[in-house]
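Participant: Take this structure, written in structure tokens, and hold onto it; I'll ask about it next.
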Amino acid sequence: MNNGSPRPDRLARREARRAGLQLIGVAAIIGMAEQRQLIPSARVVFDALLQTDFRIGAEVIQSVLDSLAATQGTVR
């Protein structure tokens, strides 16, 4: 339901930009977690997220997986 007000996440991003903070999204955090071996597989986490109502574009997921493959020298 949209009552014409900005979504809370958009407001938070706007304020973070004003404060000079660097913004990264959930996809980037998942990629970093795999790089740091905090999770065994970003793909598994993305697949689990896609089973929920979490909204993330396929191109965003593929970009993270491609970046991970490039740093690891693998194909995903």
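Every chain in the structure tokens has a letter given in the order shown (A, B, ...), and although residue numbers restart at 1 in each chain, ligands are simply numbered from 1 in the order shown.
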Apply DSSP to the backbone of this structure and, from chain A, keep only the residues in helix (DSSP H, G or I); write these as a PyMOL selection string.
Facilitator: chain A and resi 8-18+26-35+42-50+58-72
Participant: If we count only C-alpha atoms, what is near stretch 6-11 of chain A at a cut-off of 12 Å, once residues fewer than 5 positions away on the same chain are taken out, given as a ChimeraX atom specification?
Facilitator: /A:1,16-18,23,25
Participant: Got time to write the residues from that selection, N, CA, C and O atoms, as a JSON list (two decimals), in the first residue's frame?
Facilitator:
```json
[["chain", "number", "residue", "atom", "x", "y", "z"],
["A", 1, "MET", "N", 0.84, -1.17, 0.00],
["A", 1, "MET", "CA", 0.00, 0.00, 0.00],
["A", 1, "MET", "C", 0.89, 1.24, 0.00],
["A", 1, "MET", "O", 1.79, 1.38, 0.79],
["A", 16, "ALA", "N", 21.54, 8.74, 4.75],
["A", 16, "ALA", "CA", 22.90, 8.20, 4.75],
["A", 16, "ALA", "C", 23.77, 8.95, 3.73],
["A", 16, "ALA", "O", 24.92, 9.29, 4.01],
["A", 17, "ARG", "N", 23.20, 9.21, 2.55],
["A", 17, "ARG", "CA", 23.95, 9.97, 1.53],
["A", 17, "ARG", "C", 24.28, 11.37, 2.04],
["A", 17, "ARG", "O", 25.38, 11.86, 1.85],
["A", 18, "ARG", "N", 23.30, 12.00, 2.67],
["A", 18, "ARG", "CA", 23.54, 13.34, 3.22],
["A", 18, "ARG", "C", 24.66, 13.33, 4.25],
["A", 18, "ARG", "O", 25.42, 14.28, 4.36],
["A", 23, "LEU", "N", 26.93, 3.58, 0.73],
["A", 23, "LEU", "CA", 25.80, 2.66, 0.74],
["A", 23, "LEU", "C", 26.15, 1.38, 0.01],
["A", 23, "LEU", "O", 26.72, 1.42, -1.08],
["A", 25, "GLY", "N", 24.25, -2.62, -0.64],
["A", 25, "GLY", "CA", 23.02, -3.36, -0.47],
["A", 25, "GLY", "C", 23.25, -4.76, 0.07],
["A", 25, "GLY", "O", 24.38, -5.20, 0.29]]
```
Participant: Residues at most 12 Å from A:Gly57, counting only C-alpha atoms, excluding those fewer than 6 positions away in the same chain, as a ChimeraX atom specification?
Facilitator: /A:25-27,46,49-50,63-64
Participant: Between atom CA of A:Gln22 and atom CA of A:Pro40, what is the distance, to one decimal in Å?
Facilitator: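 We find that atom CA of A:Gln22 and atom CA of A:Pro40 lie 25.9 Å from each other.
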Participant: To one decimal place in Å, what is the distance between atom CA of A:Arg13 and atom CA of A:Thr52?
Facilitator: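 Computed distance, atom CA of A:Arg13 to atom CA of A:Thr52, equals 22.9 Å.
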Participant: Using atom CA of A:Leu65 and atom CA of A:Ala42 as the two end points, give the distance in Å to one decimal.
Facilitator: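 Rounded to one decimal, the two atoms are 7.4 Å apart.
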Participant: Which residue gives the smallest distance to A:Ile61 among A:Ala48, A:Ala12, A:Ser41, A:Gly31, with only C-alpha atoms counted?
Facilitator: A:Gly31
Participant: So which one's closest to A:Ile30, A:Ser67, A:Glu15, A:Gln72, A:Gln51? Using only C-alpha atoms, please.
Facilitator: A:Ser67
